[in-house]
$ cat target16.pdb   # PDB, C-alpha atoms
MODEL        1
ATOM      1  CA  MET O   1    -263.295 107.332 219.276
ATOM      2  CA  THR O   2    -266.163 109.459 217.952
ATOM      3  CA  ASP O   3    -269.306 107.555 217.013
ATOM      4  CA  THR O   4    -270.215 108.360 213.411
ATOM      5  CA  ALA O   5    -272.940 105.740 213.046
ATOM      6  CA  ALA O   6    -275.941 107.556 214.608
ATOM      7  CA  THR O   7    -279.294 106.337 213.272
ATOM      8  CA  ALA O   8    -282.955 106.605 214.170
ATOM      9  CA  THR O   9    -282.759 103.243 215.908
ATOM     10  CA  THR O  10    -280.606 102.286 218.877
ATOM     11  CA  PRO O  11    -277.427 100.731 217.488
ATOM     12  CA  GLY O  12    -275.934  97.565 218.918
ATOM     13  CA  PRO O  13    -272.514  97.633 220.512
ATOM     14  CA  ALA O  14    -269.725  98.531 218.128
ATOM     15  CA  PRO O  15    -267.039  95.943 217.389
ATOM     16  CA  LEU O  16    -264.289  95.971 219.966
ATOM     17  CA  GLY O  17    -261.769  97.445 217.576
ATOM     18  CA  GLU O  18    -264.061 100.445 217.057
ATOM     19  CA  ARG O  19    -265.151 100.821 220.685
ATOM     20  CA  PHE O  20    -261.706 101.017 222.194
ATOM     21  CA  ALA O  21    -259.048 103.675 221.824
ATOM     22  CA  CYS O  22    -255.970 104.180 223.926
ATOM     23  CA  ALA O  23    -256.577 106.645 226.753
ATOM     24  CA  GLY O  24    -254.233 108.383 229.148
ATOM     25  CA  GLY O  25    -253.237 107.142 232.589
ATOM     26  CA  TRP O  26    -251.023 104.151 231.850
ATOM     27  CA  CYS O  27    -247.919 103.991 229.714
ATOM     28  CA  THR O  28    -248.909 103.994 226.043
ATOM     29  CA  ALA O  29    -247.255 101.308 223.933
ATOM     30  CA  THR O  30    -247.279 100.776 220.177
ATOM     31  CA  VAL O  31    -247.753  97.424 218.461
ATOM     32  CA  VAL O  32    -244.657  97.130 216.265
ATOM     33  CA  ASP O  33    -244.903  93.474 215.303
ATOM     34  CA  ALA O  34    -247.297  90.544 215.622
ATOM     35  CA  ARG O  35    -247.082  86.906 214.640
ATOM     36  CA  PRO O  36    -249.462  83.976 214.933
ATOM     37  CA  GLU O  37    -248.296  81.126 217.156
ATOM     38  CA  THR O  38    -251.283  78.806 216.572
ATOM     39  CA  ALA O  39    -254.695  79.239 214.983
ATOM     40  CA  THR O  40    -255.964  80.676 218.260
ATOM     41  CA  SER O  41    -252.958  82.563 219.643
ATOM     42  CA  ARG O  42    -250.792  85.497 218.693
ATOM     43  CA  THR O  43    -247.613  87.114 219.993
ATOM     44  CA  LEU O  44    -247.676  90.903 220.171
ATOM     45  CA  VAL O  45    -244.444  92.881 220.203
ATOM     46  CA  LEU O  46    -244.949  96.218 221.935
ATOM     47  CA  ASP O  47    -242.666  99.222 221.976
ATOM     48  CA  VAL O  48    -242.993 100.869 225.387
ATOM     49  CA  PRO O  49    -241.226 104.224 225.798
ATOM     50  CA  GLY O  50    -239.356 104.447 229.082
ATOM     51  CA  TRP O  51    -239.841 100.770 229.855
ATOM     52  CA  PRO O  52    -237.656  99.796 232.868
ATOM     53  CA  GLY O  53    -237.033  96.263 231.625
ATOM     54  CA  HIS O  54    -238.497  93.025 232.954
ATOM     55  CA  ARG O  55    -237.420  89.607 234.148
ATOM     56  CA  ALA O  56    -238.446  86.242 232.732
ATOM     57  CA  GLY O  57    -241.617  85.146 234.500
ATOM     58  CA  GLN O  58    -243.087  88.594 235.103
ATOM     59  CA  HIS O  59    -246.335  89.787 233.564
ATOM     60  CA  VAL O  60    -247.903  93.012 232.383
ATOM     61  CA  ASP O  61    -251.403  94.443 232.435
ATOM     62  CA  LEU O  62    -252.871  95.529 229.109
ATOM     63  CA  ARG O  63    -255.786  97.934 229.080
ATOM     64  CA  LEU O  64    -258.203  99.114 226.412
ATOM     65  CA  THR O  65    -260.440 102.112 227.005
ATOM     66  CA  ALA O  66    -263.635 102.942 225.122
ATOM     67  CA  ALA O  67    -264.691 106.440 224.108
ATOM     68  CA  ASP O  68    -267.450 106.278 226.720
ATOM     69  CA  GLY O  69    -264.907 105.582 229.467
ATOM     70  CA  TYR O  70    -265.481 101.839 229.738
ATOM     71  CA  THR O  71    -262.222  99.975 230.307
ATOM     72  CA  ALA O  72    -261.159  96.360 230.087
ATOM     73  CA  SER O  73    -257.799  95.129 231.304
ATOM     74  CA  ARG O  74    -256.161  91.713 231.367
ATOM     75  CA  ALA O  75    -252.860  90.367 232.653
ATOM     76  CA  TYR O  76    -250.505  88.573 230.263
ATOM     77  CA  SER O  77    -247.143  87.004 230.985
ATOM     78  CA  VAL O  78    -244.184  88.255 229.011
ATOM     79  CA  SER O  79    -242.980  85.500 226.711
ATOM     80  CA  ALA O  80    -239.476  86.826 226.110
ATOM     81  CA  PRO O  81    -236.919  88.411 228.450
ATOM     82  CA  THR O  82    -235.698  91.968 228.043
ATOM     83  CA  ASP O  83    -233.576  92.310 224.912
ATOM     84  CA  PRO O  84    -230.512  94.461 225.722
ATOM     85  CA  GLY O  85    -230.525  95.646 222.112
ATOM     86  CA  ALA O  86    -234.153  96.797 222.335
ATOM     87  CA  PRO O  87    -234.927  97.356 226.036
ATOM     88  CA  GLY O  88    -238.272  98.989 225.325
ATOM     89  CA  ARG O  89    -239.697  95.930 223.570
ATOM     90  CA  VAL O  90    -242.184  93.718 225.391
ATOM     91  CA  GLU O  91    -243.572  90.473 223.956
ATOM     92  CA  VAL O  92    -246.819  88.945 225.166
ATOM     93  CA  THR O  93    -248.510  85.842 223.791
ATOM     94  CA  VAL O  94    -252.299  85.930 223.895
ATOM     95  CA  GLN O  95    -254.567  82.868 223.660
ATOM     96  CA  ARG O  96    -258.043  83.578 222.289
ATOM     97  CA  VAL O  97    -260.788  82.707 224.763
ATOM     98  CA  THR O  98    -264.120  81.780 223.187
ATOM     99  CA  GLY O  99    -266.674  84.385 224.205
ATOM    100  CA  GLY O 100    -263.978  86.616 225.659
ATOM    101  CA  GLU O 101    -264.065  90.379 225.441
ATOM    102  CA  VAL O 102    -260.399  91.290 225.103
ATOM    103  CA  SER O 103    -258.444  88.293 223.820
ATOM    104  CA  PRO O 104    -260.373  87.862 220.512
ATOM    105  CA  TYR O 105    -259.614  91.469 219.654
ATOM    106  CA  LEU O 106    -255.945  91.151 220.560
ATOM    107  CA  VAL O 107    -255.564  87.904 218.610
ATOM    108  CA  ASP O 108    -257.687  88.705 215.552
ATOM    109  CA  ASP O 109    -258.010  92.455 215.100
ATOM    110  CA  LEU O 110    -255.427  94.626 216.870
ATOM    111  CA  PRO O 111    -253.441  96.156 213.988
ATOM    112  CA  LEU O 112    -249.784  97.040 213.706
ATOM    113  CA  GLY O 113    -249.216 100.618 214.742
ATOM    114  CA  ALA O 114    -252.087 100.607 217.216
ATOM    115  CA  GLY O 115    -251.686 102.027 220.682
ATOM    116  CA  ILE O 116    -252.441 100.051 223.813
ATOM    117  CA  GLU O 117    -251.975 100.876 227.481
ATOM    118  CA  VAL O 118    -249.422  98.902 229.473
ATOM    119  CA  ARG O 119    -248.684  98.678 233.182
ATOM    120  CA  GLY O 120    -245.825  96.759 234.701
ATOM    121  CA  PRO O 121    -243.726  94.792 234.973
ATOM    122  CA  VAL O 122    -245.596  92.935 237.710
ATOM    123  CA  GLY O 123    -244.335  90.154 239.972
ATOM    124  CA  GLY O 124    -241.061  89.382 241.665
ATOM    125  CA  TRP O 125    -241.432  85.843 243.029
ATOM    126  CA  PHE O 126    -242.277  83.908 239.884
ATOM    127  CA  VAL O 127    -239.068  84.867 238.061
ATOM    128  CA  TRP O 128    -235.899  83.131 236.962
ATOM    129  CA  GLU O 129    -232.478  84.616 236.253
ATOM    130  CA  PRO O 130    -229.062  82.977 236.014
ATOM    131  CA  GLY O 131    -227.901  82.293 239.544
ATOM    132  CA  THR O 132    -231.406  81.890 240.974
ATOM    133  CA  ALA O 133    -231.222  79.707 244.118
ATOM    134  CA  GLY O 134    -227.491  79.371 243.643
ATOM    135  CA  GLY O 135    -227.855  77.892 240.169
ATOM    136  CA  ALA O 136    -230.119  75.040 241.279
ATOM    137  CA  PRO O 137    -231.661  72.842 238.556
ATOM    138  CA  VAL O 138    -234.973  74.117 237.221
ATOM    139  CA  LEU O 139    -238.229  72.264 236.652
ATOM    140  CA  LEU O 140    -240.807  74.020 234.473
ATOM    141  CA  LEU O 141    -244.349  72.616 234.588
ATOM    142  CA  ALA O 142    -246.722  74.176 232.060
ATOM    143  CA  GLY O 143    -250.398  73.684 231.358
ATOM    144  CA  GLY O 144    -251.717  75.097 228.076
ATOM    145  CA  SER O 145    -250.887  78.766 227.520
ATOM    146  CA  GLY O 146    -249.171  78.758 230.917
ATOM    147  CA  VAL O 147    -246.056  77.858 228.962
ATOM    148  CA  ALA O 148    -245.567  81.537 227.981
ATOM    149  CA  PRO O 149    -243.643  82.762 231.073
ATOM    150  CA  LEU O 150    -241.719  79.495 231.176
ATOM    151  CA  VAL O 151    -240.505  79.820 227.610
ATOM    152  CA  ALA O 152    -239.306  83.301 228.595
ATOM    153  CA  MET O 153    -237.109  81.577 231.199
ATOM    154  CA  VAL O 154    -235.763  79.170 228.578
ATOM    155  CA  ARG O 155    -234.999  82.120 226.315
ATOM    156  CA  ALA O 156    -233.301  84.017 229.158
ATOM    157  CA  ARG O 157    -231.102  80.985 229.820
ATOM    158  CA  ARG O 158    -230.127  80.756 226.165
ATOM    159  CA  ALA O 159    -229.473  84.507 225.817
ATOM    160  CA  ALA O 160    -227.166  84.446 228.840
ATOM    161  CA  GLY O 161    -225.282  81.350 227.693
ATOM    162  CA  ASP O 162    -226.275  79.827 231.020
ATOM    163  CA  ARG O 163    -225.741  76.103 231.677
ATOM    164  CA  THR O 164    -228.319  75.570 234.439
ATOM    165  CA  PRO O 165    -230.040  72.207 233.767
ATOM    166  CA  PHE O 166    -233.692  72.715 232.784
ATOM    167  CA  ARG O 167    -236.476  70.162 232.532
ATOM    168  CA  VAL O 168    -239.724  71.208 230.895
ATOM    169  CA  LEU O 169    -242.943  69.210 231.306
ATOM    170  CA  TYR O 170    -245.680  70.594 229.080
ATOM    171  CA  SER O 171    -249.312  69.464 229.208
ATOM    172  CA  VAL O 172    -251.503  70.623 226.317
ATOM    173  CA  ARG O 173    -254.770  69.397 224.849
ATOM    174  CA  MET O 174    -253.668  68.669 221.270
ATOM    175  CA  PRO O 175    -250.822  69.429 218.855
ATOM    176  CA  THR O 176    -252.630  72.371 217.257
ATOM    177  CA  ASP O 177    -252.820  74.051 220.686
ATOM    178  CA  ALA O 178    -249.130  73.686 221.535
ATOM    179  CA  LEU O 179    -247.164  76.913 221.848
ATOM    180  CA  PHE O 180    -243.432  77.183 221.109
ATOM    181  CA  LEU O 181    -243.182  73.414 220.653
ATOM    182  CA  ASP O 182    -240.493  73.503 217.945
ATOM    183  CA  GLU O 183    -238.409  75.872 220.035
ATOM    184  CA  LEU O 184    -238.731  73.876 223.247
ATOM    185  CA  THR O 185    -237.801  70.611 221.565
ATOM    186  CA  ALA O 186    -235.008  71.985 219.370
ATOM    187  CA  PRO O 187    -231.739  70.035 219.616
ATOM    188  CA  LEU O 188    -229.819  73.309 219.986
ATOM    189  CA  LEU O 189    -231.274  73.775 223.475
ATOM    190  CA  ASP O 190    -228.430  71.904 225.120
ATOM    191  CA  GLY O 191    -229.291  71.165 228.726
ATOM    192  CA  VAL O 192    -233.034  71.694 228.270
ATOM    193  CA  ASP O 193    -235.007  68.443 228.288
ATOM    194  CA  THR O 194    -238.664  68.735 227.250
ATOM    195  CA  GLU O 195    -241.462  66.212 227.632
ATOM    196  CA  VAL O 196    -244.902  66.916 226.162
ATOM    197  CA  TRP O 197    -248.190  65.331 227.200
ATOM    198  CA  PHE O 198    -251.289  65.660 225.014
ATOM    199  CA  THR O 199    -254.472  65.289 227.002
ATOM    200  CA  ARG O 200    -257.177  65.055 224.299
ATOM    201  CA  ALA O 201    -255.550  64.135 220.996
ATOM    202  CA  ALA O 202    -251.980  63.044 220.345
ATOM    203  CA  PRO O 203    -250.102  62.837 217.027
ATOM    204  CA  PRO O 204    -249.707  59.356 215.485
ATOM    205  CA  ASP O 205    -246.029  59.151 216.462
ATOM    206  CA  ALA O 206    -246.598  60.183 220.078
ATOM    207  CA  PRO O 207    -245.010  57.767 222.589
ATOM    208  CA  ARG O 208    -248.188  57.598 224.661
ATOM    209  CA  ALA O 209    -251.938  57.921 224.333
ATOM    210  CA  PRO O 210    -253.628  61.168 225.432
ATOM    211  CA  ALA O 211    -253.463  61.496 229.209
ATOM    212  CA  ARG O 212    -252.797  64.018 231.931
ATOM    213  CA  ILE O 213    -249.507  64.234 233.798
ATOM    214  CA  GLY O 214    -249.629  61.793 236.711
ATOM    215  CA  LEU O 215    -247.517  61.249 239.779
ATOM    216  CA  ARG O 216    -245.421  58.559 238.077
ATOM    217  CA  ASP O 217    -244.781  60.866 235.120
ATOM    218  CA  LEU O 218    -243.626  63.634 237.400
ATOM    219  CA  ALA O 219    -241.404  61.254 239.363
ATOM    220  CA  ARG O 220    -239.862  59.848 236.195
ATOM    221  CA  HIS O 221    -239.337  63.006 234.155
ATOM    222  CA  GLY O 222    -238.993  65.717 236.798
ATOM    223  CA  TRP O 223    -236.011  66.346 239.031
ATOM    224  CA  PRO O 224    -235.800  64.255 242.204
ATOM    225  CA  ALA O 225    -236.396  66.255 245.347
ATOM    226  CA  ASP O 226    -232.937  65.513 246.731
ATOM    227  CA  VAL O 227    -231.245  67.681 244.068
ATOM    228  CA  ALA O 228    -233.276  70.649 245.397
ATOM    229  CA  PRO O 229    -234.591  72.056 242.114
ATOM    230  CA  VAL O 230    -236.534  75.283 241.797
ATOM    231  CA  CYS O 231    -239.973  74.364 240.456
ATOM    232  CA  TYR O 232    -242.134  76.741 238.427
ATOM    233  CA  VAL O 233    -245.749  75.754 237.744
ATOM    234  CA  CYS O 234    -248.027  77.806 235.478
ATOM    235  CA  GLY O 235    -251.421  77.055 233.961
ATOM    236  CA  PRO O 236    -255.108  76.847 234.810
ATOM    237  CA  THR O 237    -255.949  76.709 238.501
ATOM    238  CA  GLY O 238    -256.808  73.001 238.502
ATOM    239  CA  PHE O 239    -253.548  72.087 236.785
ATOM    240  CA  VAL O 240    -251.458  74.210 239.140
ATOM    241  CA  GLU O 241    -253.111  72.774 242.241
ATOM    242  CA  ALA O 242    -252.693  69.185 241.020
ATOM    243  CA  MET O 243    -249.022  69.645 240.078
ATOM    244  CA  THR O 244    -248.230  71.427 243.330
ATOM    245  CA  ARG O 245    -249.763  68.606 245.364
ATOM    246  CA  MET O 246    -247.745  66.031 243.438
ATOM    247  CA  LEU O 247    -244.515  67.926 243.962
ATOM    248  CA  LEU O 248    -245.121  67.981 247.697
ATOM    249  CA  VAL O 249    -245.978  64.258 247.732
ATOM    250  CA  LEU O 250    -242.657  63.616 245.977
ATOM    251  CA  GLY O 251    -240.836  65.433 248.745
ATOM    252  CA  HIS O 252    -240.077  68.813 247.184
ATOM    253  CA  ASP O 253    -239.568  71.690 249.590
ATOM    254  CA  PRO O 254    -242.679  73.938 249.476
ATOM    255  CA  ARG O 255    -240.354  76.947 249.519
ATOM    256  CA  SER O 256    -238.890  75.834 246.181
ATOM    257  CA  VAL O 257    -242.269  75.654 244.408
ATOM    258  CA  ARG O 258    -243.380  78.837 242.670
ATOM    259  CA  ALA O 259    -246.805  78.928 241.046
ATOM    260  CA  GLU O 260    -248.823  81.189 238.765
ATOM    261  CA  ARG O 261    -252.407  80.312 237.884
ATOM    262  CA  PHE O 262    -255.190  81.681 235.734
ATOM    263  CA  GLY O 263    -258.910  81.206 235.110
ATOM    264  CA  PRO O 264    -261.638  80.512 234.930
ATOM    265  CA  SER O 265    -262.593  83.900 233.569
ATOM    266  CA  THR O 266    -264.389  85.471 230.649
ATOM    267  CA  ASP O 267    -261.072  86.154 228.934
TER     268      ASP O 267
ENDMDL
END

$ encode --input "target16.pdb" --output "structure tokens"
Amino acid sequence: MTDTAATATTPGPAPLGERFACAGGWCTATVVDARPETATSRTLVLDVPGWPGHRAGQHVDLRLTAADGYTASRAYSVSAPTDPGAPGRVEVTVQRVTGGEVSPYLVDDLPLGAGIEVRGPVGGWFVWEPGTAGGAPVLLLAGGSGVAPLVAMVRARRAAGDRTPFRVLYSVRMPTDALFLDELTAPLLDGVDTEVWFTRAAPPDAPRAPARIGLRDLARHGWPADVAPVCYVCGPTGFVEAMTRMLLVLGHDPRSVRAERFGPSTD
């Protein structure tokens, strides 16, 4: 984007929305819809020409390029499976990171109709489709915004009319941070059991005080190891490492545990 703000003094850096413009090299997508999920998160719906489709659990890279050639890219999990009626649509849910470079712009400023570069889909291990592992039960363990790829799996199950038993254990700091909570706890999700743990502040009607998921919680609400579930764990690195250790202590086969982690980072 051409700089039209030349002055006799050295200007400070332009706002991100002015600094970045979509450049060539990756596939160029268009923002066709956007909706807030919480006060600090937003789902972007992108139209990607020629998109090959994606599987629940995969992620994409989004890249912004400045007029001076500076680029910033971040990886975001897709939060909805491929829609057969709109195969070129990709949904990503972005959580604003305080002090971040990319996420505040994507959450607060990226307008409808804007172009953004997309690369993907990425990942083939951390995915779920009907028939995965012979239709074994599924355990989804989410920490914070790590729930995004897991809700894509829940949505894929529902879209396919699949009856695979799902259990979702979701750890989040407080109710205002929870993503997709109404959807995950809806009574229409037959065969999907969801338990939510608030770690810093819980609502007045919560069945327990704020606390992290512990070994007893996982043993009580997760699948027992002898039913051989497929376990997906996604969240911050510390959460993923703690949950993975607990699963192994409870006797789960390491080959059945699939993990995705993020942070710490500037965005």

$ residues_around --input "target16.pdb" --residues "O:Thr28" --least-positions-apart "3" --cutoff "12 Å" --atoms "all atoms listed in the file" --output "list in words"
Ala21, Cys22, Ala23, Gly24, Gly25, Val31, Leu46, Asp47, Val48, Pro49, Gly50, Trp51, Asp61, Leu62, Arg63, Leu64, Thr65, Gly88, Gly113, Ala114, Gly115, Ile116, Glu117, Val118, Arg119 and Gly120 of chain O

$ write_last_selection --input "target16.pdb" --atoms "C-alpha atoms" --output "PDB file, in the frame of the given file"
ATOM      1  CA  ALA O  21    -259.048 103.675 221.824  1.00  0.00           C
ATOM      2  CA  CYS O  22    -255.970 104.180 223.926  1.00  0.00           C
ATOM      3  CA  ALA O  23    -256.577 106.645 226.753  1.00  0.00           C
ATOM      4  CA  GLY O  24    -254.233 108.383 229.148  1.00  0.00           C
ATOM      5  CA  GLY O  25    -253.237 107.142 232.589  1.00  0.00           C
ATOM      6  CA  VAL O  31    -247.753  97.424 218.461  1.00  0.00           C
ATOM      7  CA  LEU O  46    -244.949  96.218 221.935  1.00  0.00           C
ATOM      8  CA  ASP O  47    -242.666  99.222 221.976  1.00  0.00           C
ATOM      9  CA  VAL O  48    -242.993 100.869 225.387  1.00  0.00           C
ATOM     10  CA  PRO O  49    -241.226 104.224 225.798  1.00  0.00           C
ATOM     11  CA  GLY O  50    -239.356 104.447 229.082  1.00  0.00           C
ATOM     12  CA  TRP O  51    -239.841 100.770 229.855  1.00  0.00           C
ATOM     13  CA  ASP O  61    -251.403  94.443 232.435  1.00  0.00           C
ATOM     14  CA  LEU O  62    -252.871  95.529 229.109  1.00  0.00           C
ATOM     15  CA  ARG O  63    -255.786  97.934 229.080  1.00  0.00           C
ATOM     16  CA  LEU O  64    -258.203  99.114 226.412  1.00  0.00           C
ATOM     17  CA  THR O  65    -260.440 102.112 227.005  1.00  0.00           C
ATOM     18  CA  GLY O  88    -238.272  98.989 225.325  1.00  0.00           C
ATOM     19  CA  GLY O 113    -249.216 100.618 214.742  1.00  0.00           C
ATOM     20  CA  ALA O 114    -252.087 100.607 217.216  1.00  0.00           C
ATOM     21  CA  GLY O 115    -251.686 102.027 220.682  1.00  0.00           C
ATOM     22  CA  ILE O 116    -252.441 100.051 223.813  1.00  0.00           C
ATOM     23  CA  GLU O 117    -251.975 100.876 227.481  1.00  0.00           C
ATOM     24  CA  VAL O 118    -249.422  98.902 229.473  1.00  0.00           C
ATOM     25  CA  ARG O 119    -248.684  98.678 233.182  1.00  0.00           C
ATOM     26  CA  GLY O 120    -245.825  96.759 234.701  1.00  0.00           C
TER      27      GLY O 120
END

$ resolve_selection --input "target16.pdb" --expression "the PyMOL selection byres ((chain O and resi 155) around 10)" --output "PyMOL selection string"
chain O and resi 56+79-81+149-154+156-161+183-184+189

$ atom_distance --input "target16.pdb" --atom1 "atom CA of O:Ser145" --atom2 "atom CA of O:Thr43"
11.7 Å

$ resolve_selection --input "target16.pdb" --expression "the PyMOL selection byres ((chain O and resi 227-242) around 7)" --output "number ranges by chain"
O: 136-147, 223-226, 243-246, 256-263

$ atom_distance --input "target16.pdb" --atom1 "atom CA of O:Thr93" --atom2 "atom CA of O:Leu218"
26.5 Å

$ atom_distance --input "target16.pdb" --atom1 "atom CA of O:Val168" --atom2 "atom CA of O:Val192"
7.2 Å

$ resolve_selection --input "target16.pdb" --expression "the PyMOL selection byres ((chain O and resi 195) around 12)" --output "PyMOL selection string"
chain O and resi 139-142+166-172+181+184-186+192-194+196-198+206-208+213+217-218+220-222
